[in-house]
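Engineer: Take this structure, written in structure tokens, and hold onto it; I'll ask about it next.
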Amino acid sequence: MSASLSKSRLQGLGTTIRHRCQQLLGPLALLGPAGIWLLLFLVLPTLLILDISLVPDLRPEDVGGAYGLGNYSRVFNPFDPRFDSVYLQVIWRSVYYATVSTIACLVLGFPVAYWLAIMAPRRWRNFLVVAFILPLWTSSLLRSYAWISILRPTGLLNTFITWLSDLIPGVDLPTQNWLYSSAAVFVGLTYNFLPYMVLILYASLEKLDISLLEAAADLGANPRQTFWKVTVPQTLPGIAAGCLLVFITSMGDFVVPTLLGGASSMTISRLIYNQFLGITRNWGLGSALSMILILAVSLAIALLLKYGDRDSVKEA
Amino acid sequence: MPRKRSLYLPSSSRRLGSTRRRFLQGSAAAIAGVTLSNCRQNLSNQAAPEADPAATTPEEGGASGGDSGVLHVYTWADYTSDEMVNAFTEKTGIEVIVDIYDSNETMLAKMQAGGGDAYSIIYPSDYMVQQMIELNMLTKIDKERVTGLENIFDKWQDPVYDPGNSFSTPFAWGTTGLLYNTDILTDTPTDWDYLWENSSALSKRMTLLNDVRETMGMVLKSLGYSYNSTNPAEIEEAYERLIEIKPDLASFMSFGYEDGLLSGDLAVVMAYSVDALSSIAEDDTLNYVIPESGSSVWTDTLVIPTTAPNVDAAYEWLNFNLDPAIAQLNTETLFNATPNKVAYENLSDEFKNDEKLFPPEDLLAKCEGIAPVGDAAAVFDEFWTRATSA
Amino acid sequence: MSQTVSPAISQSADRRVADVELCQVSKSFGEDTAVNTIDLTIQEGEFFSILGPSGCGKTTTLRLIAGFEQPTTGKIIIQGQEMSRTPAHRRSVNTVFQSYALFNHMTVKDNIAFGLRIKGMGRSPMQQRVADALRLVKMEAFSNRYPAQLSGGQKQRVALARALVNRPAVMLLDEPLGALDLKLRKEMQVELSNLHQQLGITFVMVTHDQEEALSLSDRIAVMNDGNIEQIGSPKEIYDHPTTPFVADFIGDTNLLKGVVAFADHHLLKIQTPEGTTVLAQPSANMPADLKTAVVSVRPEKIHLSQEPPPDEGNCYSGYVKHVMYLGTHLHCVVQLQTGECLTVMQPSRTGLSWASTTPIYASWLPTDCLALAA
């Protein structure tokens with residue numbers, strides 16, 4: 001009797017396990033392909049970079065080396081004899097470029113997105129949105145070259161300024177070499193990433209309930225008050241998402257600083273490039289710098305997920 | 001003619017031809033790691049099977065087995081021409097696919113990462129040949145299968161970077177100097193010091209090569225030191241001197257300066273002779289000068305990597321390029337100086353007497369090849385990173 | 001189709017001040033005319049409803065008063081001042097939105113304080129006002145919640161409080177109870193009515209729910225297709241509709257259309273195409289020389305019996321086609337011998353036999369039905 005009891009219990013257990021397996025199998029079948037993809041092409045490479053970054057000054061031909069934090073301490077630890085402040089300087093400059101271009105994107109992008117989402121004629125809206133993101137379909141390399149021909153001393157901008165100066169007597173507008181300066185980098189980054197900002201803000205603003213704006217006006221708020229007290233707080237998650245996306249992509253971009261920035265525009269992504277494909281070939285240091293960039297970006301993404309408007313990102 | 005010492009070759013990354021299309025090509029390769037030229041070259045090879053008769057030479061390579069197939073070549077932009085590639089295909093029946101790189105280091109990184117397994121021929125520069133030999137990446141050349149090595153100038157018969165040409169055959173050589181717009185510079189630069197003396201007048205209108213050994217070496221040379229100094233104090237001194245003109249530099253760039261130079265946005269740039277001469281060929285308001293105190297002399301070579309899938313075709317390519325007629329064509333069309341004595345002698349006086357292409361012996365004597373510097377490489381890197389990052 | 005105000009209302013209008021006046025107001029969106037040249041006068045302290053089917057222009061009318069839309073033609077006068085072009089934020093009206101339109105990034109308290117804050121009111125009087133408003137809508141316990149944490153009814157109360165706290169001259173309510181379930185709606189109706197009595201300010205409510213309009217309003221404007229069909233007290237609208245549309249839209253009715261066979265001041269005789277002859281009293285605004293007319297008979301005015309009723313009037317034989325039990329009432333469909341169908345409401349306790357074969361008599365007094373201009 002006890003034998004049959006335990007047998008039935010066993011059977012019960014078997015059924016339970018089978019049931020559990022079936023419960024797990026469904027999600028696994030769905031998540032499997034993407035999971036394997038992520039594991040093979042994201043998680044493993046990242047771990048590999050982490051591994052390499054922990055071997056000081058590893059070069060590609062080295063078979064291996066002793067683990068250590070040398071690559072990191074070179075960047076961060078002022079007491080390390082090999083410490084060089086240029087690395088922090090470069091990181092700081094990258095953050096500075098990314099921050100300024102993010103702010104510029106927000107300031108330029110918000111009115112555009114607002115107009116597209118709220119004021120533009122409805123039937124033109126999709127067309128206008130597509131028209132606005134059209135530049136994204138061309139290579140960022142070509143777009144940067146276009147800016148070179150605008151910003152260089154004999155470029156379109158200076159030609160225009162000269163023309164304007166000649167047109168208005170008494171006004172002498174200064175021409176200058178706009179290219180190879182921080183300003184050129186800001187212009188290039190802002191131009192490149194503005195469509196992303198607009199797209200995300202558009203997705204966020206489009207969901208904005210117009211009756212909230214009417215409610216604010218109804219309660220006596222003038223348009224400016226309505227904007228700051230209702231529109232901005234309501235779209236804050238979209239603003240956060242757009243800013244973080246632009247910030248992250250600006251940090252990682254090296255085409256624009258390379259082509260428009262000139263001699264004093266080294267950024268962390270260019271520095272990493274140099275460690276792998278330049279003469280230095282210091283994979284250890286390059287990996288450490290990559291990890292620093294990855295961590296900074298991950299932090300930003302974590303903030304985005306926590307405070308951002310995931311829906312807007314998804315729709316964009 | 002270069003002294004033996006100067007054969008201790010030079011250089012490193014170089015790039016770029018003169019037209020805008022080429023410029024885009026090269027920079028795309030450099031920046032996006034994409035070889036746009038791939039498609040172009042493949043297409044043009046198929047679309048224009050007709051060879052330039054001048055380029056077709058019936059000389060048979062010693063080991064030419066007449067085998068066909070596909071040969072993947074990994075080289076600098078503008079180191080092959082359609083007519084030369086077509087002539088090769090016509091002669092051997094081997095289809096050629098050309099990919100380009102913009103620096104020795106990029107090429108090395110790709111080969112080391114296993115991304116270059118398709119290539120049977122690569123074009124490393126001298127010091128890179130040495131490095132690749134040390135890394136066991138090159139196939140020892142079977143001299144039995146090579147014809148025409150005897151046509152090479154003596155000084156390339158036993159180069160320092162590859163004694164006895166065991167792993168490489170010399171393809172082309174050149175110098176590094178200053179390329180400038182004669183409409184803008186009222187005087188003629190004669191030496192590297194020109195950059196320092198006129199830095200404020202030419203502010204943001206000068207560029208230097210984006211290359212640690214060439215640029216740091218140039219500053220060392222301008223201080224009276226060797227390109228290959230291993231003395232940290234000298235290197236630091238060079239760094240300090242580089243920093244002096246850095247605020248007046250538009251950029252560190254190894255290619256992509258032609259437009260700026262022609263429009264007058266740039267006045268003077270540090271350039272490789274091969275790029276400089278092809279730019280001058282397109283617009284003679286530009287001029288090139290090899291600084292009096294000397295510059296670097298570099299040699300680019302042909303090698304067969306150990307991973308080469310089609311060694312037979314690779315030998316065909318070596319022999320084809322050793323052919324004096326082909327070497328002559330390359331000099332005439334691509335503006336690289338040939339190390340091939342027969343080809344040199346066959347050149348017209350116009351080419352032979354061009355001191356920008358073939359500098360006079362006394363000037364060459366002051367030039368140096370860039371050589372490995374051992375542990376000092378780290379010092380170079382450190383100061384270079386500081387100079388470009390600050 | 002604008003209506004002149006009935007005499008009874010004109011009298012009350014004399015006593016009171018007009019709070020909101022619309023003069024010849026129309027509003028078009030491109031080709032579409034949403035509001036077609038209407039005149040409307042709303043008295044101070046009145047609970048006024050604008051009733052109509054969806055798309056009739058009632059919400060547009062409200063939005064014109066609120067200032068969210070500008071009239072294409074005509075004038076809007078609020079408290080004696082022309083406000084046709086004044087933007088919404090400078091009008092002394094407050095709106096309760098159909099979707100509540102609460103600011104979900106603010107707490108209940110901050111939502112309610114929004115208008116006062118904009119006006120720059122000091123901290124302590126503002127808190128007092130907010131607390132009062134919260135008490136008025138019985139939401140004191142929820143002051144620190146966010147709108148997402150509230151039920152539909154609670155949101156409704158907050159939306160009311162947010163408008164009330166500003167002490168507007170006129171409260172505009174756009175389908176205020178439309179999103180609530182039936183039971184809650186009934187409760188809120190009572191509260192709205194109480195609030196109105198307590199505060200004494202003018203309420204203008206837009207609704208498509210005739211029952212709501214009838215039970216809450218002092219006066220109702222019935223709109224159809226951009227026009228006002230009739231304005232009047234609930235009783236006037238219900239008992240004395242002036243158009244077939246109003247008769248049909250307000251409550252259930254049977255409409256019988258026919259030719260006028262005889263007419264005098266008190267009685268019309270109408271012949272339907274099927275051959276039924278109906279006697280009816282003419283509506284107040286009926287032109288004398290009418291050729292065709294529509295008779296409206298409310299279902300509850302029709303009496304069913306198995307014997308012909310003794311009194312003179314409209315009496316027709318037929319049989320019961322269909323019966324629905326509605327608790328206190330029975331809803332019957334009676335087919336007359338002439339072929340027409342009538343909807344009839346009978347108290348459920350009538351001991352009649354409803355077998356479909358049993359002949360039955362449907363009858364009503366001529367004074368219980370109304371002849372309207374077709």
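Identifiers for the structure tokens are assigned positionally: chains receive A, B, ... in sequence, residues are indexed from 1 per chain, and ligands are indexed from 1 in the order shown.
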Can you pull out every residue within 12 Å of segment 285-288 of chain B, counting only C-alpha atoms, but drop anything in the same chain fewer than 3 positions away, and send it as JSON, numbers by chain?
Structural biologist: {"B": [18, 175, 176, 177, 178, 179, 180, 181, 182, 183, 184, 185, 187, 188, 189, 190, 191, 257, 258, 259, 260, 261, 262, 263, 264, 266, 267, 268, 269, 270, 271, 272, 273, 274, 275, 276, 277, 278, 279, 280, 281, 282, 291, 354, 355, 356, 357, 359]}
Engineer: Identify, on the basis of only C-alpha atoms, every residue whose closest approach to Gln328 of chain B does not exceed 9 Å; exclude the query and any residue fewer than 6 positions from it along the same chain; express the result as a PDB file with all heavy atoms, in the first residue's frame.
Structural biologist:
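Everything below was put into around.pdb:
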```pdb
ATOM      1  N   THR B 338      59.901  53.512 -58.573  1.00  0.00           N
ATOM      2  CA  THR B 338      60.096  52.068 -58.692  1.00  0.00           C
ATOM      3  C   THR B 338      61.494  51.680 -58.233  1.00  0.00           C
ATOM      4  O   THR B 338      62.469  52.390 -58.497  1.00  0.00           O
ATOM      5  CB  THR B 338      59.858  51.589 -60.131  1.00  0.00           C
ATOM      6  OG1 THR B 338      60.089  50.183 -60.191  1.00  0.00           O
ATOM      7  CG2 THR B 338      60.789  52.296 -61.129  1.00  0.00           C
ATOM      8  N   ASN B 340      62.805  49.129 -59.434  1.00  0.00           N
ATOM      9  CA  ASN B 340      63.214  48.255 -60.521  1.00  0.00           C
ATOM     10  C   ASN B 340      64.136  49.020 -61.462  1.00  0.00           C
ATOM     11  O   ASN B 340      63.748  49.994 -62.103  1.00  0.00           O
ATOM     12  CB  ASN B 340      61.950  47.766 -61.266  1.00  0.00           C
ATOM     13  CG  ASN B 340      62.245  46.646 -62.230  1.00  0.00           C
ATOM     14  OD1 ASN B 340      63.157  46.761 -63.036  1.00  0.00           O
ATOM     15  ND2 ASN B 340      61.463  45.586 -62.133  1.00  0.00           N
ATOM     16  N   VAL B 342      65.622  48.285 -64.338  1.00  0.00           N
ATOM     17  CA  VAL B 342      65.293  48.255 -65.771  1.00  0.00           C
ATOM     18  C   VAL B 342      64.132  49.198 -66.055  1.00  0.00           C
ATOM     19  O   VAL B 342      64.160  49.987 -66.995  1.00  0.00           O
ATOM     20  CB  VAL B 342      64.948  46.815 -66.219  1.00  0.00           C
ATOM     21  CG1 VAL B 342      64.589  46.802 -67.703  1.00  0.00           C
ATOM     22  CG2 VAL B 342      66.100  45.879 -65.915  1.00  0.00           C
ATOM     23  N   ALA B 343      63.152  49.124 -65.182  1.00  0.00           N
ATOM     24  CA  ALA B 343      61.995  49.997 -65.355  1.00  0.00           C
ATOM     25  C   ALA B 343      62.418  51.450 -65.250  1.00  0.00           C
ATOM     26  O   ALA B 343      61.989  52.296 -66.047  1.00  0.00           O
ATOM     27  CB  ALA B 343      60.939  49.683 -64.297  1.00  0.00           C
ATOM     28  N   TYR B 344      63.269  51.752 -64.258  1.00  0.00           N
ATOM     29  CA  TYR B 344      63.742  53.126 -64.060  1.00  0.00           C
ATOM     30  C   TYR B 344      64.416  53.641 -65.318  1.00  0.00           C
ATOM     31  O   TYR B 344      64.167  54.739 -65.783  1.00  0.00           O
ATOM     32  CB  TYR B 344      64.692  53.185 -62.873  1.00  0.00           C
ATOM     33  CG  TYR B 344      65.354  54.531 -62.679  1.00  0.00           C
ATOM     34  CD1 TYR B 344      64.640  55.605 -62.162  1.00  0.00           C
ATOM     35  CD2 TYR B 344      66.679  54.738 -63.046  1.00  0.00           C
ATOM     36  CE1 TYR B 344      65.225  56.852 -61.992  1.00  0.00           C
ATOM     37  CE2 TYR B 344      67.285  55.969 -62.898  1.00  0.00           C
ATOM     38  CZ  TYR B 344      66.547  57.021 -62.366  1.00  0.00           C
ATOM     39  OH  TYR B 344      67.136  58.252 -62.216  1.00  0.00           O
ATOM     40  N   ASN B 346      64.039  52.680 -68.310  1.00  0.00           N
ATOM     41  CA  ASN B 346      63.114  52.819 -69.428  1.00  0.00           C
ATOM     42  C   ASN B 346      62.210  54.049 -69.304  1.00  0.00           C
ATOM     43  O   ASN B 346      61.524  54.400 -70.260  1.00  0.00           O
ATOM     44  CB  ASN B 346      62.244  51.564 -69.551  1.00  0.00           C
ATOM     45  CG  ASN B 346      63.057  50.390 -70.047  1.00  0.00           C
ATOM     46  OD1 ASN B 346      64.148  50.566 -70.602  1.00  0.00           O
ATOM     47  ND2 ASN B 346      62.540  49.188 -69.842  1.00  0.00           N
ATOM     48  N   LEU B 347      62.183  54.646 -68.107  1.00  0.00           N
ATOM     49  CA  LEU B 347      61.319  55.816 -67.923  1.00  0.00           C
ATOM     50  C   LEU B 347      61.827  56.973 -68.770  1.00  0.00           C
ATOM     51  O   LEU B 347      63.027  57.087 -69.041  1.00  0.00           O
ATOM     52  CB  LEU B 347      61.310  56.250 -66.450  1.00  0.00           C
ATOM     53  CG  LEU B 347      60.477  55.420 -65.486  1.00  0.00           C
ATOM     54  CD1 LEU B 347      60.809  55.827 -64.047  1.00  0.00           C
ATOM     55  CD2 LEU B 347      58.994  55.580 -65.759  1.00  0.00           C
TER      56      LEU B 347
END
```
Engineer: Which residues, written as a count of residues only, have at least one atom at most 8 Å from segment 204-213 of chain B, with only C-alpha atoms counted and residues fewer than 5 positions away on the same chain left out?
Structural biologist: 27
Engineer: Only residues of chain A matter here; which ones have an atom within 7 Å of chain B, counting only C-alpha atoms? Give them as a VMD selection string.
Structural biologist: chain A and resid 86 89 to 90 152 to 154 180 255 262 to 264 266 277 to 280
Engineer: Hey, which of C:Thr207, C:Asn36, C:Thr242, C:Asn227 ends up closest to Pro282 of chain C? Count only C-alpha atoms.
Structural biologist: C:Thr242
Engineer: Enumerate as a list in words the residues belonging to chain C that approach chain A to within 8 Å, with only C-alpha atoms taken into account.
Structural biologist: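 Residues passing the distance filter: Ala66, Phe68, Ala88, His89, Arg90, Arg91, Val93, Asn94, Thr95, Phe97, Ala101, Leu102, Phe103, Asn104, His105, Phe114, Gly115, Ile118, Lys119, Ala163 and Asn166 of chain C.
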Engineer: If we count only C-alpha atoms, what is near Met137 of chain B at a cut-off of 8 Å, once residues fewer than 3 positions away on the same chain are taken out, given as a list in words?
Structural biologist: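 Selected residues are Met132, Ile133, Glu134, Pro305, Thr306 and Thr307 of chain B.
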Engineer: Applying 8 Å and only C-alpha atoms, which residues near Ser233 of chain C remain after dropping the ones on its own chain fewer than 2 positions away? List them as a list in words.
Structural biologist: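 Contacts, in chain order: Ser217, Asp218, Arg219, Ile220, Ile231, Lys235, Glu236 and Ile237 of chain C.
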Engineer: With C-alpha atoms retained, export the selected residues as a PDB file, in the first residue's frame.
Structural biologist:
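part_11.pdb, written as the output of this step:
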```pdb
ATOM      1  CA  SER C 217     -31.631  71.002 -15.783  1.00  0.00           C
ATOM      2  CA  ASP C 218     -33.565  74.169 -15.278  1.00  0.00           C
ATOM      3  CA  ARG C 219     -33.639  74.545 -19.031  1.00  0.00           C
ATOM      4  CA  ILE C 220     -32.581  72.442 -21.948  1.00  0.00           C
ATOM      5  CA  ILE C 231     -35.190  75.543 -25.771  1.00  0.00           C
ATOM      6  CA  LYS C 235     -41.417  69.644 -18.816  1.00  0.00           C
ATOM      7  CA  GLU C 236     -41.961  71.865 -21.827  1.00  0.00           C
ATOM      8  CA  ILE C 237     -39.510  69.881 -23.852  1.00  0.00           C
TER       9      ILE C 237
END
```
Engineer: For segment 302-306 of chain C, find every residue with an atom within 7 Å (counting only C-alpha atoms), except residues of its own chain fewer than 2 positions away, and show them as an NGL selection string.
Structural biologist: :C and (299-300 or 308 or 344 or 359-364)
Engineer: Given the selection you just returned, output its residues as a file containing N, CA, C and O atoms, formatted as a JSON list (two decimals), in the first residue's frame.
Structural biologist:
```json
[["chain", "number", "residue", "atom", "x", "y", "z"],
["C", 299, "PRO", "N", -45.77, 56.49, -25.36],
["C", 299, "PRO", "CA", -46.24, 55.11, -25.11],
["C", 299, "PRO", "C", -47.03, 54.99, -23.83],
["C", 299, "PRO", "O", -47.97, 54.21, -23.76],
["C", 300, "GLU", "N", -46.65, 55.77, -22.80],
["C", 300, "GLU", "CA", -47.36, 55.62, -21.53],
["C", 300, "GLU", "C", -48.74, 56.28, -21.54],
["C", 300, "GLU", "O", -49.53, 56.10, -20.63],
["C", 308, "PRO", "N", -63.78, 48.08, -25.93],
["C", 308, "PRO", "CA", -63.57, 49.47, -26.36],
["C", 308, "PRO", "C", -63.83, 50.41, -25.20],
["C", 308, "PRO", "O", -64.81, 50.22, -24.47],
["C", 344, "VAL", "N", -46.33, 50.66, -26.68],
["C", 344, "VAL", "CA", -47.20, 51.01, -25.55],
["C", 344, "VAL", "C", -46.53, 50.60, -24.25],
["C", 344, "VAL", "O", -45.93, 49.53, -24.17],
["C", 359, "PRO", "N", -58.15, 40.08, -29.73],
["C", 359, "PRO", "CA", -58.23, 41.47, -30.19],
["C", 359, "PRO", "C", -58.09, 42.41, -28.99],
["C", 359, "PRO", "O", -58.49, 42.06, -27.88],
["C", 360, "ILE", "N", -57.50, 43.54, -29.25],
["C", 360, "ILE", "CA", -57.27, 44.46, -28.16],
["C", 360, "ILE", "C", -57.51, 45.87, -28.67],
["C", 360, "ILE", "O", -57.43, 46.12, -29.88],
["C", 361, "TYR", "N", -57.84, 46.78, -27.76],
["C", 361, "TYR", "CA", -58.09, 48.17, -28.16],
["C", 361, "TYR", "C", -57.03, 49.07, -27.58],
["C", 361, "TYR", "O", -56.74, 49.01, -26.39],
["C", 362, "ALA", "N", -56.43, 49.86, -28.42],
["C", 362, "ALA", "CA", -55.48, 50.88, -27.98],
["C", 362, "ALA", "C", -56.15, 52.23, -28.11],
["C", 362, "ALA", "O", -56.66, 52.56, -29.18],
["C", 363, "SER", "N", -56.13, 53.02, -27.01],
["C", 363, "SER", "CA", -56.85, 54.29, -27.08],
["C", 363, "SER", "C", -56.12, 55.38, -26.31],
["C", 363, "SER", "O", -55.33, 55.09, -25.40],
["C", 364, "TRP", "N", -56.28, 56.60, -26.71],
["C", 364, "TRP", "CA", -55.73, 57.76, -25.97],
["C", 364, "TRP", "C", -56.55, 58.98, -26.28],
["C", 364, "TRP", "O", -57.23, 59.05, -27.32]]
```
Engineer: Please extract the residues of segment 119-281 of chain B with a backbone DSSP assignment of strand (DSSP E) and present them as a list in words.
Structural biologist: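 Taking segment 119-281 of chain B and keeping strand (DSSP E) only, one gets Ile121, Ile122, Ser168, Thr169, Pro170, Phe171, Ala172, Trp173, Gly174, Thr175, Thr176, Gly177, Leu178, Leu179, Tyr180, Asn181, Met206, Thr207, Leu208, Leu249, Ala250, Ser251, Phe252, Val268, Val269, Met270, Ala271 and Tyr272 of chain B.
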Engineer: Give the helix (DSSP H, G or I) residues of segment 241-280 of chain C, as assigned by DSSP on the backbone, as a ChimeraX atom specification.
Structural biologist: /C:244-249
Engineer: Rounded to one decimal in Å, what is the spacing between atom CA of Thr41 of chain C and atom CA of Gly55 of chain C?
Structural biologist: 21.7 Å
Engineer: Give me the residues within 12 Å of Glu229 of chain C as an MDAnalysis selection string, counting only C-alpha atoms and dropping any in the same chain fewer than 6 places off.
Structural biologist: chainID C and resid 1:5 36 38:40 50:52 56:58 220:223 237 241:250
Engineer: Would you save the residues of that selection, restricted to N, CA, C and O atoms, as a compact mmCIF listing (two decimals), in the first residue's frame?
Structural biologist:
```txt
# COMPACT_ATOMS: atom_id res chain seq x y z
N MET C 1 -33.34 77.75 -37.87
CA MET C 1 -34.33 77.08 -37.02
C MET C 1 -34.31 77.60 -35.61
O MET C 1 -34.65 76.91 -34.67
N SER C 2 -33.73 78.79 -35.44
CA SER C 2 -33.61 79.28 -34.06
C SER C 2 -35.00 79.51 -33.49
O SER C 2 -35.95 79.84 -34.19
N GLN C 3 -35.09 79.33 -32.22
CA GLN C 3 -36.40 79.38 -31.58
C GLN C 3 -36.53 80.64 -30.75
O GLN C 3 -35.58 81.10 -30.13
N THR C 4 -37.69 81.17 -30.76
CA THR C 4 -37.93 82.27 -29.81
C THR C 4 -38.22 81.64 -28.47
O THR C 4 -38.79 80.56 -28.37
N VAL C 5 -37.76 82.33 -27.45
CA VAL C 5 -37.92 81.78 -26.12
C VAL C 5 -39.40 81.84 -25.74
O VAL C 5 -40.11 82.80 -26.05
N ASN C 36 -24.60 76.09 -36.59
CA ASN C 36 -25.16 76.84 -37.69
C ASN C 36 -26.00 78.02 -37.19
O ASN C 36 -27.20 77.91 -36.98
N ILE C 38 -26.54 80.05 -34.30
CA ILE C 38 -27.47 79.84 -33.19
C ILE C 38 -27.51 81.07 -32.29
O ILE C 38 -26.57 81.86 -32.23
N ASP C 39 -28.62 81.21 -31.60
CA ASP C 39 -28.77 82.22 -30.56
C ASP C 39 -29.09 81.50 -29.28
O ASP C 39 -29.88 80.55 -29.27
N LEU C 40 -28.49 81.96 -28.21
CA LEU C 40 -28.65 81.25 -26.95
C LEU C 40 -28.43 82.24 -25.82
O LEU C 40 -27.48 83.03 -25.87
N ILE C 50 -27.28 71.35 -22.78
CA ILE C 50 -27.36 71.28 -24.23
C ILE C 50 -27.40 69.80 -24.57
O ILE C 50 -26.48 69.05 -24.25
N LEU C 51 -28.52 69.41 -25.18
CA LEU C 51 -28.78 67.99 -25.37
C LEU C 51 -28.89 67.70 -26.86
O LEU C 51 -29.44 68.50 -27.61
N GLY C 52 -28.35 66.58 -27.24
CA GLY C 52 -28.49 66.22 -28.65
C GLY C 52 -27.68 64.96 -28.94
O GLY C 52 -26.86 64.54 -28.12
N CYS C 56 -24.08 66.69 -33.14
CA CYS C 56 -25.09 67.72 -33.35
C CYS C 56 -24.54 69.12 -33.15
O CYS C 56 -25.20 70.10 -33.41
N GLY C 57 -23.27 69.22 -32.66
CA GLY C 57 -22.67 70.53 -32.46
C GLY C 57 -22.70 71.01 -31.02
O GLY C 57 -22.28 72.11 -30.72
N LYS C 58 -23.18 70.15 -30.11
CA LYS C 58 -23.32 70.61 -28.73
C LYS C 58 -21.97 70.83 -28.07
O LYS C 58 -21.76 71.80 -27.35
N ILE C 220 -33.31 73.31 -21.04
CA ILE C 220 -32.58 72.44 -21.95
C ILE C 220 -32.65 73.05 -23.35
O ILE C 220 -33.70 73.55 -23.75
N ALA C 221 -31.51 73.02 -24.04
CA ALA C 221 -31.55 73.32 -25.47
C ALA C 221 -31.31 72.01 -26.20
O ALA C 221 -30.33 71.33 -25.95
N VAL C 222 -32.24 71.66 -27.09
CA VAL C 222 -32.05 70.43 -27.86
C VAL C 222 -31.44 70.80 -29.20
O VAL C 222 -31.96 71.66 -29.91
N MET C 223 -30.29 70.20 -29.48
CA MET C 223 -29.61 70.52 -30.74
C MET C 223 -29.66 69.37 -31.71
O MET C 223 -29.65 68.20 -31.30
N ILE C 237 -40.16 70.66 -22.79
CA ILE C 237 -39.51 69.88 -23.85
C ILE C 237 -40.20 68.52 -23.99
O ILE C 237 -40.41 68.02 -25.08
N PRO C 241 -43.08 69.16 -27.13
CA PRO C 241 -42.04 69.30 -28.15
C PRO C 241 -42.59 70.08 -29.32
O PRO C 241 -43.77 69.98 -29.63
N THR C 242 -41.75 70.89 -29.91
CA THR C 242 -42.22 71.70 -31.03
C THR C 242 -41.82 71.10 -32.36
O THR C 242 -42.26 71.58 -33.40
N THR C 243 -40.94 70.12 -32.35
CA THR C 243 -40.59 69.49 -33.63
C THR C 243 -40.62 67.98 -33.45
O THR C 243 -40.46 67.47 -32.34
N PRO C 244 -40.85 67.26 -34.55
CA PRO C 244 -40.84 65.79 -34.48
C PRO C 244 -39.51 65.28 -33.93
O PRO C 244 -39.45 64.31 -33.20
N PHE C 245 -38.40 65.99 -34.27
CA PHE C 245 -37.10 65.54 -33.78
C PHE C 245 -37.05 65.55 -32.27
O PHE C 245 -36.62 64.59 -31.63
N VAL C 246 -37.52 66.65 -31.69
CA VAL C 246 -37.49 66.76 -30.23
C VAL C 246 -38.40 65.71 -29.61
O VAL C 246 -38.04 65.02 -28.65
N ALA C 247 -39.56 65.56 -30.18
CA ALA C 247 -40.52 64.58 -29.67
C ALA C 247 -39.90 63.18 -29.68
O ALA C 247 -40.04 62.41 -28.73
N ASP C 248 -39.22 62.89 -30.74
CA ASP C 248 -38.64 61.57 -30.90
C ASP C 248 -37.43 61.39 -30.00
O ASP C 248 -37.19 60.33 -29.41
N PHE C 249 -36.61 62.48 -29.90
CA PHE C 249 -35.35 62.35 -29.19
C PHE C 249 -35.55 62.34 -27.69
O PHE C 249 -34.87 61.63 -26.96
N ILE C 250 -36.54 63.11 -27.21
CA ILE C 250 -36.79 63.17 -25.77
C ILE C 250 -37.83 62.11 -25.43
O ILE C 250 -38.98 62.23 -25.79
```
